[in-house]
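my_file.cif follows; it contains mmCIF, C-alpha atoms.
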data_data
#
loop_
_atom_site.group_PDB
_atom_site.id
_atom_site.type_symbol
_atom_site.label_atom_id
_atom_site.label_comp_id
_atom_site.auth_asym_id
_atom_site.auth_seq_id
_atom_site.Cartn_x
_atom_site.Cartn_y
_atom_site.Cartn_z
ATOM 1 C CA MET L 665 89.063 123.925 59.909
ATOM 2 C CA SER L 666 89.696 122.448 63.371
ATOM 3 C CA ARG L 667 88.837 124.321 66.541
ATOM 4 C CA LYS L 668 91.759 125.246 68.757
ATOM 5 C CA LEU L 669 91.938 123.721 72.230
ATOM 6 C CA VAL L 670 94.704 124.865 74.583
ATOM 7 C CA VAL L 671 95.214 122.307 77.339
ATOM 8 C CA ASP L 672 97.154 122.931 80.530
ATOM 9 C CA SER L 673 99.678 120.379 81.797
ATOM 10 C CA SER L 674 97.563 119.599 84.859
ATOM 11 C CA VAL L 675 94.983 117.919 82.611
ATOM 12 C CA PHE L 676 97.572 115.848 80.750
ATOM 13 C CA ILE L 677 99.325 114.785 83.948
ATOM 14 C CA ALA L 678 96.090 113.692 85.641
ATOM 15 C CA LEU L 679 94.868 111.814 82.540
ATOM 16 C CA SER L 680 98.178 110.094 81.849
ATOM 17 C CA ARG L 681 98.407 108.964 85.492
ATOM 18 C CA ARG L 682 94.988 107.340 85.071
ATOM 19 C CA GLY L 683 95.890 105.842 81.682
ATOM 20 C CA THR L 684 93.137 107.700 79.812
ATOM 21 C CA LEU L 685 95.215 110.312 77.962
ATOM 22 C CA GLU L 686 95.123 108.642 74.552
ATOM 23 C CA GLN L 687 91.364 108.117 74.783
ATOM 24 C CA TYR L 688 90.863 111.799 75.693
ATOM 25 C CA LEU L 689 93.032 113.025 72.822
ATOM 26 C CA LYS L 690 91.328 110.769 70.266
ATOM 27 C CA GLN L 691 87.953 111.939 71.498
ATOM 28 C CA LYS L 692 88.980 115.587 71.123
ATOM 29 C CA LYS L 693 90.284 114.884 67.624
ATOM 30 C CA ASP L 694 86.978 113.221 66.691
ATOM 31 C CA GLU L 695 85.149 116.256 68.058
ATOM 32 C CA GLY L 696 87.187 118.413 65.661
ATOM 33 C CA TYR L 697 89.656 119.957 68.086
ATOM 34 C CA GLU L 698 93.317 120.581 67.548
ATOM 35 C CA VAL L 699 95.057 120.259 70.930
ATOM 36 C CA LEU L 700 97.836 122.765 71.535
ATOM 37 C CA ILE L 701 100.340 123.494 74.273
ATOM 38 C CA PRO L 702 103.015 126.188 74.544
ATOM 39 C CA ARG L 703 106.660 125.139 74.465
ATOM 40 C CA ALA L 704 107.302 126.012 78.142
ATOM 41 C CA ILE L 705 104.818 123.453 79.396
ATOM 42 C CA ALA L 706 106.253 120.683 77.237
ATOM 43 C CA ARG L 707 109.232 120.856 79.606
ATOM 44 C CA GLU L 708 107.150 120.369 82.759
ATOM 45 C CA LEU L 709 105.398 117.449 81.086
ATOM 46 C CA LEU L 710 108.504 115.651 79.903
ATOM 47 C CA TYR L 711 111.838 116.712 81.401
ATOM 48 C CA ASP L 712 110.912 117.500 85.016
ATOM 49 C CA PRO L 713 109.004 114.228 85.673
ATOM 50 C CA LYS L 714 111.721 112.237 83.891
ATOM 51 C CA ARG L 715 114.333 113.750 86.192
ATOM 52 C CA LEU L 716 112.126 112.998 89.216
ATOM 53 C CA ALA L 717 111.745 109.355 88.107
ATOM 54 C CA GLU L 718 115.516 109.028 87.780
ATOM 55 C CA GLU L 719 116.033 110.505 91.250
ATOM 56 C CA ILE L 720 113.633 108.116 92.978
ATOM 57 C CA SER L 721 114.233 104.986 90.883
ATOM 58 C CA GLU L 722 116.413 103.355 93.568
ATOM 59 C CA LYS L 723 114.122 103.976 96.542
ATOM 60 C CA SER L 724 110.723 103.859 94.825
ATOM 61 C CA PRO L 725 111.082 101.794 91.634
ATOM 62 C CA VAL L 726 107.347 101.188 91.222
ATOM 63 C CA LEU L 727 106.549 104.879 91.444
ATOM 64 C CA ALA L 728 109.447 105.781 89.139
ATOM 65 C CA LYS L 729 108.117 103.334 86.566
ATOM 66 C CA LYS L 730 104.615 104.807 86.846
ATOM 67 C CA ILE L 731 105.985 108.323 86.299
ATOM 68 C CA MET L 732 107.976 107.188 83.266
ATOM 69 C CA GLN L 733 104.875 105.543 81.782
ATOM 70 C CA SER L 734 103.065 108.851 82.180
ATOM 71 C CA VAL L 735 105.955 110.716 80.489
ATOM 72 C CA GLU L 736 106.085 108.203 77.656
ATOM 73 C CA ALA L 737 102.324 108.493 77.051
ATOM 74 C CA ILE L 738 102.611 112.282 76.720
ATOM 75 C CA ASP L 739 105.762 112.044 74.603
ATOM 76 C CA ALA L 740 104.054 109.555 72.270
ATOM 77 C CA ALA L 741 101.008 111.829 71.955
ATOM 78 C CA ILE L 742 103.277 114.718 70.912
ATOM 79 C CA GLY L 743 105.175 112.407 68.541
ATOM 80 C CA HIS L 744 101.928 111.200 66.928
ATOM 81 C CA GLY L 745 100.727 114.757 66.459
ATOM 82 C CA LEU L 746 97.823 114.407 68.887
ATOM 83 C CA ILE L 747 99.306 117.335 70.853
ATOM 84 C CA ARG L 748 100.897 120.206 68.938
ATOM 85 C CA VAL L 749 103.622 122.242 70.618
ATOM 86 C CA GLU L 750 103.226 125.896 69.648
ATOM 87 C CA THR L 751 105.801 128.649 70.001
ATOM 88 C CA VAL L 752 104.720 131.890 71.620
ATOM 89 C CA ASN L 753 105.757 134.981 69.692
ATOM 90 C CA TYR L 754 107.317 137.014 72.488
ATOM 91 C CA ARG L 755 108.471 139.756 70.118
ATOM 92 C CA LYS L 756 104.880 140.490 69.175
ATOM 93 C CA TYR L 757 103.278 139.770 72.537
ATOM 94 C CA SER L 758 105.892 141.046 75.003
ATOM 95 C CA ARG L 759 103.576 143.727 76.379
ATOM 96 C CA VAL L 760 100.740 141.211 76.787
ATOM 97 C CA ALA L 761 103.134 138.799 78.511
ATOM 98 C CA ASP L 762 104.250 141.525 80.930
ATOM 99 C CA ASN L 763 100.638 142.322 81.671
ATOM 100 C CA VAL L 764 99.819 138.656 82.288
ATOM 101 C CA ARG L 765 102.795 138.312 84.644
ATOM 102 C CA LYS L 766 101.601 141.380 86.520
ATOM 103 C CA HIS L 767 98.141 139.854 87.012
ATOM 104 C CA LEU L 768 99.606 136.521 88.058
ATOM 105 C CA SER L 769 101.865 138.156 90.620
ATOM 106 C CA GLN L 770 98.832 139.885 92.140
ATOM 107 C CA LEU L 771 97.123 136.545 92.787
ATOM 108 C CA GLU L 772 99.453 135.569 95.607
ATOM 109 C CA ALA L 773 101.235 138.883 96.089
ATOM 110 C CA MET L 774 104.359 137.472 94.504
ATOM 111 C CA LYS L 775 107.118 139.401 92.813
ATOM 112 C CA GLU L 776 106.707 139.444 89.031
ATOM 113 C CA HIS L 777 110.062 137.786 88.339
ATOM 114 C CA THR L 778 109.019 134.769 90.455
ATOM 115 C CA VAL L 779 106.050 134.004 88.180
ATOM 116 C CA LYS L 780 106.638 130.644 86.535
ATOM 117 C CA LYS L 781 106.964 130.694 82.760
ATOM 118 C CA GLY L 782 104.207 128.140 82.049
ATOM 119 C CA ASP L 783 101.370 130.325 83.382
ATOM 120 C CA PRO L 784 102.001 133.418 81.215
ATOM 121 C CA GLU L 785 102.835 131.240 78.202
ATOM 122 C CA ILE L 786 99.456 129.524 78.271
ATOM 123 C CA ILE L 787 97.532 132.770 78.530
ATOM 124 C CA VAL L 788 99.635 134.510 75.866
ATOM 125 C CA LEU L 789 99.200 131.501 73.565
ATOM 126 C CA ILE L 790 95.419 131.679 73.947
ATOM 127 C CA ILE L 791 95.502 135.384 73.038
ATOM 128 C CA GLN L 792 97.901 134.760 70.148
ATOM 129 C CA LEU L 793 95.701 131.993 68.691
ATOM 130 C CA HIS L 794 92.608 134.143 68.993
ATOM 131 C CA ASP L 795 94.372 136.985 67.157
ATOM 132 C CA LYS L 796 95.593 134.684 64.433
ATOM 133 C CA PHE L 797 92.448 132.643 63.748
ATOM 134 C CA LYS L 798 89.802 135.167 64.818
ATOM 135 C CA GLU L 799 87.811 132.462 66.530
ATOM 136 C CA ARG L 800 86.814 131.454 70.039
ATOM 137 C CA ILE L 801 89.595 129.436 71.690
ATOM 138 C CA SER L 802 88.755 126.505 73.925
ATOM 139 C CA VAL L 803 90.692 126.080 77.153
ATOM 140 C CA SER L 804 90.987 123.093 79.446
ATOM 141 C CA THR L 805 92.646 123.272 82.852
ATOM 142 C CA ASN L 806 92.130 122.273 86.475
ATOM 143 C CA ASP L 807 93.777 125.482 87.614
ATOM 144 C CA LYS L 808 91.248 128.021 88.911
ATOM 145 C CA GLY L 809 93.979 130.607 89.531
ATOM 146 C CA LEU L 810 94.993 130.429 85.893
ATOM 147 C CA LEU L 811 91.388 130.823 84.734
ATOM 148 C CA ARG L 812 90.933 133.739 87.100
ATOM 149 C CA THR L 813 93.918 135.475 85.492
ATOM 150 C CA LEU L 814 92.633 134.660 82.009
ATOM 151 C CA ARG L 815 89.303 136.292 82.894
ATOM 152 C CA ALA L 816 91.162 139.588 83.311
ATOM 153 C CA PHE L 817 91.859 139.457 79.550
ATOM 154 C CA ARG L 818 88.334 138.709 78.365
ATOM 155 C CA ASN L 819 88.196 142.071 76.599
ATOM 156 C CA VAL L 820 91.006 140.971 74.252
ATOM 157 C CA VAL L 821 90.295 137.265 73.829
ATOM 158 C CA GLU L 822 87.163 135.213 73.211
ATOM 159 C CA TYR L 823 87.428 131.833 74.901
ATOM 160 C CA GLU L 824 85.387 129.053 76.452
ATOM 161 C CA VAL L 825 86.369 126.667 79.238
ATOM 162 C CA LEU L 826 85.928 122.991 78.427
ATOM 163 C CA ASN L 827 85.525 120.301 81.039
ATOM 164 C CA HIS L 828 87.668 117.248 80.401
ATOM 165 C CA MET I 819 113.256 99.618 100.720
ATOM 166 C CA SER I 820 114.663 98.585 97.350
ATOM 167 C CA GLU I 821 113.159 96.057 94.960
ATOM 168 C CA LYS I 822 116.169 93.816 95.673
ATOM 169 C CA ALA I 823 115.334 93.755 99.403
ATOM 170 C CA ILE I 824 111.719 92.886 98.618
ATOM 171 C CA SER I 825 112.743 89.985 96.391
ATOM 172 C CA VAL I 826 115.209 88.725 99.026
ATOM 173 C CA LEU I 827 112.520 88.819 101.685
ATOM 174 C CA LYS I 828 110.006 87.050 99.443
ATOM 175 C CA ALA I 829 112.543 84.356 98.616
ATOM 176 C CA VAL I 830 113.755 83.627 102.123
ATOM 177 C CA GLY I 831 110.207 83.943 103.459
ATOM 178 C CA ASN I 832 109.672 80.442 102.012
ATOM 179 C CA PRO I 833 111.358 77.990 104.450
ATOM 180 C CA ASN I 834 112.214 75.495 101.685
ATOM 181 C CA LYS I 835 113.974 78.137 99.639
ATOM 182 C CA ALA I 836 115.642 79.537 102.765
ATOM 183 C CA ARG I 837 117.014 76.029 103.480
ATOM 184 C CA ILE I 838 118.559 75.884 100.002
ATOM 185 C CA VAL I 839 120.255 79.263 100.585
ATOM 186 C CA ALA I 840 121.441 78.169 104.030
ATOM 187 C CA HIS I 841 122.748 74.875 102.671
ATOM 188 C CA LEU I 842 124.637 76.552 99.825
ATOM 189 C CA ALA I 843 126.233 78.955 102.320
ATOM 190 C CA GLY I 844 127.976 75.944 103.875
ATOM 191 C CA HIS I 845 128.301 73.736 100.765
ATOM 192 C CA SER I 846 129.269 76.061 97.973
ATOM 193 C CA GLY I 847 129.223 74.753 94.397
ATOM 194 C CA GLU I 848 126.704 71.922 94.693
ATOM 195 C CA THR I 849 124.631 70.607 91.806
ATOM 196 C CA ALA I 850 120.821 70.552 91.836
ATOM 197 C CA GLU I 851 120.997 66.771 92.319
ATOM 198 C CA ASP I 852 123.281 67.209 95.366
ATOM 199 C CA LEU I 853 120.858 69.719 96.856
ATOM 200 C CA GLY I 854 117.852 67.448 96.266
ATOM 201 C CA ARG I 855 119.659 64.558 97.933
ATOM 202 C CA HIS I 856 120.906 66.543 100.939
ATOM 203 C CA LEU I 857 117.634 68.329 101.586
ATOM 204 C CA SER I 858 115.308 65.488 100.535
ATOM 205 C CA TYR I 859 113.464 67.652 97.982
ATOM 206 C CA PRO I 860 112.186 66.256 94.657
ATOM 207 C CA LEU I 861 114.460 67.344 91.806
ATOM 208 C CA PRO I 862 111.772 69.361 89.879
ATOM 209 C CA THR I 863 111.096 71.299 93.089
ATOM 210 C CA VAL I 864 114.805 72.009 93.552
ATOM 211 C CA TYR I 865 115.055 73.314 89.980
ATOM 212 C CA LYS I 866 111.983 75.486 90.452
ATOM 213 C CA TYR I 867 113.352 77.016 93.664
ATOM 214 C CA LEU I 868 116.798 77.526 92.159
ATOM 215 C CA ARG I 869 115.285 79.329 89.167
ATOM 216 C CA GLU I 870 113.410 81.667 91.494
ATOM 217 C CA LEU I 871 116.416 82.224 93.740
ATOM 218 C CA GLU I 872 118.623 82.982 90.757
ATOM 219 C CA ALA I 873 116.048 85.444 89.426
ATOM 220 C CA ALA I 874 116.098 87.173 92.821
ATOM 221 C CA ARG I 875 119.933 87.140 92.635
ATOM 222 C CA ILE I 876 120.183 85.291 95.930
ATOM 223 C CA VAL I 877 121.777 82.294 94.254
ATOM 224 C CA ARG I 878 124.117 82.275 91.278
ATOM 225 C CA SER I 879 125.334 79.402 89.121
ATOM 226 C CA GLU I 880 128.102 78.555 86.724
ATOM 227 C CA VAL I 881 128.801 75.644 84.418
ATOM 228 C CA LYS I 882 132.019 73.708 85.053
ATOM 229 C CA ASP I 883 132.879 70.623 82.978
ATOM 230 C CA LYS I 884 129.321 70.580 81.595
ATOM 231 C CA VAL I 885 127.854 70.509 85.127
ATOM 232 C CA ARG I 886 125.904 73.447 86.583
ATOM 233 C CA LEU I 887 127.034 74.365 90.080
ATOM 234 C CA TYR I 888 125.160 76.629 92.494
ATOM 235 C CA TYR I 889 126.471 79.210 94.970
ATOM 236 C CA SER I 890 124.766 81.518 97.421
ATOM 237 C CA SER I 891 125.235 85.229 96.764
ATOM 238 C CA ASP I 892 126.056 87.550 99.602
ATOM 239 C CA PHE I 893 123.213 89.653 100.931
ATOM 240 C CA LYS I 894 122.166 91.362 104.119
ATOM 241 C CA LEU I 895 118.576 91.991 105.063
ATOM 242 C CA GLU I 896 117.445 94.179 107.910
ATOM 243 C CA VAL I 897 113.869 93.506 108.950
ATOM 244 C CA SER I 898 111.990 95.789 111.289
ATOM 245 C CA PRO I 899 108.388 97.000 111.531
ATOM 246 C CA ARG I 900 109.495 100.295 109.952
ATOM 247 C CA LYS I 901 111.227 98.520 107.027
ATOM 248 C CA LEU I 902 108.191 96.317 106.487
ATOM 249 C CA MET I 903 105.931 99.353 106.506
ATOM 250 C CA GLU I 904 108.122 101.016 103.875
ATOM 251 C CA MET I 905 108.077 97.846 101.825
ATOM 252 C CA PHE I 906 104.353 97.379 101.735
ATOM 253 C CA GLU I 907 103.249 100.976 101.834
ATOM 254 C CA GLU I 908 101.835 102.039 98.509
ATOM 255 C CA GLN I 909 104.381 103.988 96.514
ATOM 256 C CA SER I 910 102.774 107.316 95.785
ATOM 257 C CA ILE I 911 103.812 110.928 95.302
ATOM 258 C CA LEU I 912 101.948 111.713 98.533
ATOM 259 C CA ASN I 913 104.088 109.226 100.487
ATOM 260 C CA LEU I 914 107.218 110.449 98.735
ATOM 261 C CA TYR I 915 106.342 114.027 99.651
ATOM 262 C CA ARG I 916 105.610 113.029 103.257
ATOM 263 C CA SER I 917 108.922 111.195 103.574
ATOM 264 C CA ARG I 918 110.776 114.277 102.287
ATOM 265 C CA PHE I 919 108.947 117.021 104.163
ATOM 266 C CA GLY I 920 107.289 115.257 107.098
ATOM 267 C CA GLU I 921 104.040 116.295 108.778
ATOM 268 C CA GLU I 922 105.012 119.964 108.633
ATOM 269 C CA GLY I 923 105.226 119.587 104.849
ATOM 270 C CA MET I 924 101.770 117.982 104.781
ATOM 271 C CA ARG I 925 100.385 120.907 106.743
ATOM 272 C CA ARG I 926 101.923 123.348 104.256
ATOM 273 C CA PHE I 927 100.500 121.330 101.368
ATOM 274 C CA SER I 928 96.983 121.506 102.856
ATOM 275 C CA GLU I 929 97.323 125.241 103.280
ATOM 276 C CA VAL I 930 98.535 125.774 99.713
ATOM 277 C CA ALA I 931 95.930 123.368 98.280
ATOM 278 C CA ARG I 932 93.205 125.443 99.957
ATOM 279 C CA LYS I 933 94.452 128.584 98.200
ATOM 280 C CA VAL I 934 94.679 126.746 94.883
ATOM 281 C CA LYS I 935 91.132 125.401 95.186
ATOM 282 C CA ALA I 936 89.894 128.921 95.884
ATOM 283 C CA GLY I 937 91.694 130.211 92.785
ATOM 284 C CA ASN I 938 93.983 132.453 94.831
ATOM 285 C CA MET I 939 97.123 130.740 93.603
ATOM 286 C CA THR I 940 97.988 128.886 90.397
ATOM 287 C CA TYR I 941 99.282 125.306 90.430
ATOM 288 C CA ARG I 942 102.692 126.548 89.336
ATOM 289 C CA GLN I 943 102.842 129.132 92.091
ATOM 290 C CA ALA I 944 101.838 126.430 94.565
ATOM 291 C CA ALA I 945 104.553 124.046 93.346
ATOM 292 C CA SER I 946 107.125 126.812 93.605
ATOM 293 C CA THR I 947 105.952 127.721 97.121
ATOM 294 C CA LEU I 948 106.306 124.108 98.264
ATOM 295 C CA GLY I 949 109.670 123.670 96.533
ATOM 296 C CA ILE I 950 108.528 120.777 94.342
ATOM 297 C CA THR I 951 108.039 120.292 90.605
ATOM 298 C CA TYR I 952 104.783 121.089 88.883
ATOM 299 C CA TYR I 953 104.358 117.374 88.099
ATOM 300 C CA GLU I 954 104.635 116.516 91.787
ATOM 301 C CA PHE I 955 102.118 119.148 92.766
ATOM 302 C CA VAL I 956 99.534 118.016 90.195
ATOM 303 C CA SER I 957 100.070 114.417 91.295
ATOM 304 C CA LEU I 958 99.627 115.413 94.950
ATOM 305 C CA MET I 959 96.369 117.168 94.123
ATOM 306 C CA ASP I 960 95.244 114.144 92.101
ATOM 307 C CA GLU I 961 96.084 111.694 94.885
ATOM 308 C CA ALA I 962 94.373 113.960 97.409
ATOM 309 C CA GLY I 963 91.225 113.737 95.268
ATOM 310 C CA ALA I 964 91.278 117.447 94.424
ATOM 311 C CA ILE I 965 91.239 116.890 90.637
ATOM 312 C CA GLN I 966 88.154 115.670 88.799
#
Write the structure described by the file as structure tokens, please.
Amino acid sequence: MSRKLVVDSSVFIALSRRGTLEQYLKQKKDEGYEVLIPRAIARELLYDPKRLAEEISEKSPVLAKKIMQSVEAIDAAIGHGLIRVETVNYRKYSRVADNVRKHLSQLEAMKEHTVKKGDPEIIVLIIQLHDKFKERISVSTNDKGLLRTLRAFRNVVEYEVLNH
Amino acid sequence: MSEKAISVLKAVGNPNKARIVAHLAGHSGETAEDLGRHLSYPLPTVYKYLRELEAARIVRSEVKDKVRLYYSSDFKLEVSPRKLMEMFEEQSILNLYRSRFGEEGMRRFSEVARKVKAGNMTYRQAASTLGITYYEFVSLMDEAGAIQ
């Protein structure tokens, strides 16, 4: 059975901008990982940059093209099954999600309702996968704030942080 | 500056091509042979320049009675040090961000990036604080060399 690797958007965005996303994903597959993302972050990987590219296409065509290439690389990886989009079960994990939001809001003293959906979704997904497969979940992100929040849940989830 | 402006500038930056455009402005609907004769250019050179000018949409052509005729297209090009800087400046998210938010925006980005690096703020919180998308923030961090 493959090991579960939850990857944050920051990793995909940086790799796709450098043109090394496909290589990274193939390497992870060869190493026996299944790469997963929650549904909320699929949006920030595909729709938001696409909209940005459309907005700037007149003034900065080269940059717009570069952004679209990055979007297409991620879209193709999802289409080819190299990245699996997983749905978070909010009915089952609503209390966990509330707790995660609370921790995230404490990071920068922000109100809970201003916490962006992607952050709690990633952490809840990691907890959900651990519950389901009873195994250590691998996590890859550039975001220290996110990892700091995840550390607050180490009593309920076994995970390891992978460098990319 | 748009891609169209860049191609216009590249085209008219060549004096031979600029002469073709100037000539067509006063002698609309000439053939390639007419142009070669009037400007004393070899015919293959005229064809080469016309191909390039048509690709840049500075010159257009149409076939009338089996003869291809050339016309100059209307364009206006403003050249200034600022426009040239915009044209040749590398197109990056960092430059895009700077053009939208100015130096004050750059100062705010540095401040937020410091918090992010210390783990006191997530990337998404940072993007929201700066009023940009998550993609833009990650790209800014990448271009600033803050991502491995």
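One finds CA of Leu727 (chain L) at 28.6 Å from CA of Arg878 (chain I).
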Judged by only C-alpha atoms, the minimum distance to chain L among I:Ser917, I:Asn832, I:Ser858, I:Gln909 is found for I:Gln909
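For Arg667 (chain L), the residues within 12 Å (counting only C-alpha atoms, excluding itself and residues fewer than 6 positions away along the chain) are Lys692, Lys693, Asp694, Glu695, Gly696, Tyr697, Glu698, Val699, Leu700, Leu793, His794, Phe797, Lys798, Glu799, Arg800, Ile801, Ser802, Val803, Tyr823 and Glu824 of chain L.
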Would you list the contacts of Ser890 (chain I) as a ChimeraX atom specification, taking every protein, DNA or RNA residue within 10 Å and counting all atoms listed in the file, but skipping same-chain residues closer than 5 positions in sequence? /I:838-847,871-872,875-879
Written selection (C-alpha atoms) as an mmCIF file, keeping the file's coordinate frame:
data_model
loop_
_atom_site.group_PDB
_atom_site.id
_atom_site.type_symbol
_atom_site.label_atom_id
_atom_site.label_comp_id
_atom_site.auth_asym_id
_atom_site.auth_seq_id
_atom_site.Cartn_x
_atom_site.Cartn_y
_atom_site.Cartn_z
ATOM 1 C CA ILE I 838 118.559 75.884 100.002
ATOM 2 C CA VAL I 839 120.255 79.263 100.585
ATOM 3 C CA ALA I 840 121.441 78.169 104.030
ATOM 4 C CA HIS I 841 122.748 74.875 102.671
ATOM 5 C CA LEU I 842 124.637 76.552 99.825
ATOM 6 C CA ALA I 843 126.233 78.955 102.320
ATOM 7 C CA GLY I 844 127.976 75.944 103.875
ATOM 8 C CA HIS I 845 128.301 73.736 100.765
ATOM 9 C CA SER I 846 129.269 76.061 97.973
ATOM 10 C CA GLY I 847 129.223 74.753 94.397
ATOM 11 C CA LEU I 871 116.416 82.224 93.740
ATOM 12 C CA GLU I 872 118.623 82.982 90.757
ATOM 13 C CA ARG I 875 119.933 87.140 92.635
ATOM 14 C CA ILE I 876 120.183 85.291 95.930
ATOM 15 C CA VAL I 877 121.777 82.294 94.254
ATOM 16 C CA ARG I 878 124.117 82.275 91.278
ATOM 17 C CA SER I 879 125.334 79.402 89.121
#
Box in all listed atoms of region 952-957 of chain I, axis-aligned, with 5 Å more on each side; write out centre and edge lengths in Å to one decimal as JSON.
{"center_x": 102.2, "center_y": 117.8, "center_z": 90.4, "size_x": 15.2, "size_y": 16.7, "size_z": 14.7}
To one decimal place in Å, what is the distance between CA of Lys781 (chain L) and CA of Leu679 (chain L)? 22.4 Å
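Rounded to one decimal, CA of Glu708 (chain L) and CA of Arg942 (chain I) lie 10.1 Å from each other.
Residues of chain L lying within 6 Å of chain I, counting all atoms listed in the file, are Ser674, Lys723, Leu727, Leu771, Glu772, Lys808, Gly809 and Leu810 of chain L.
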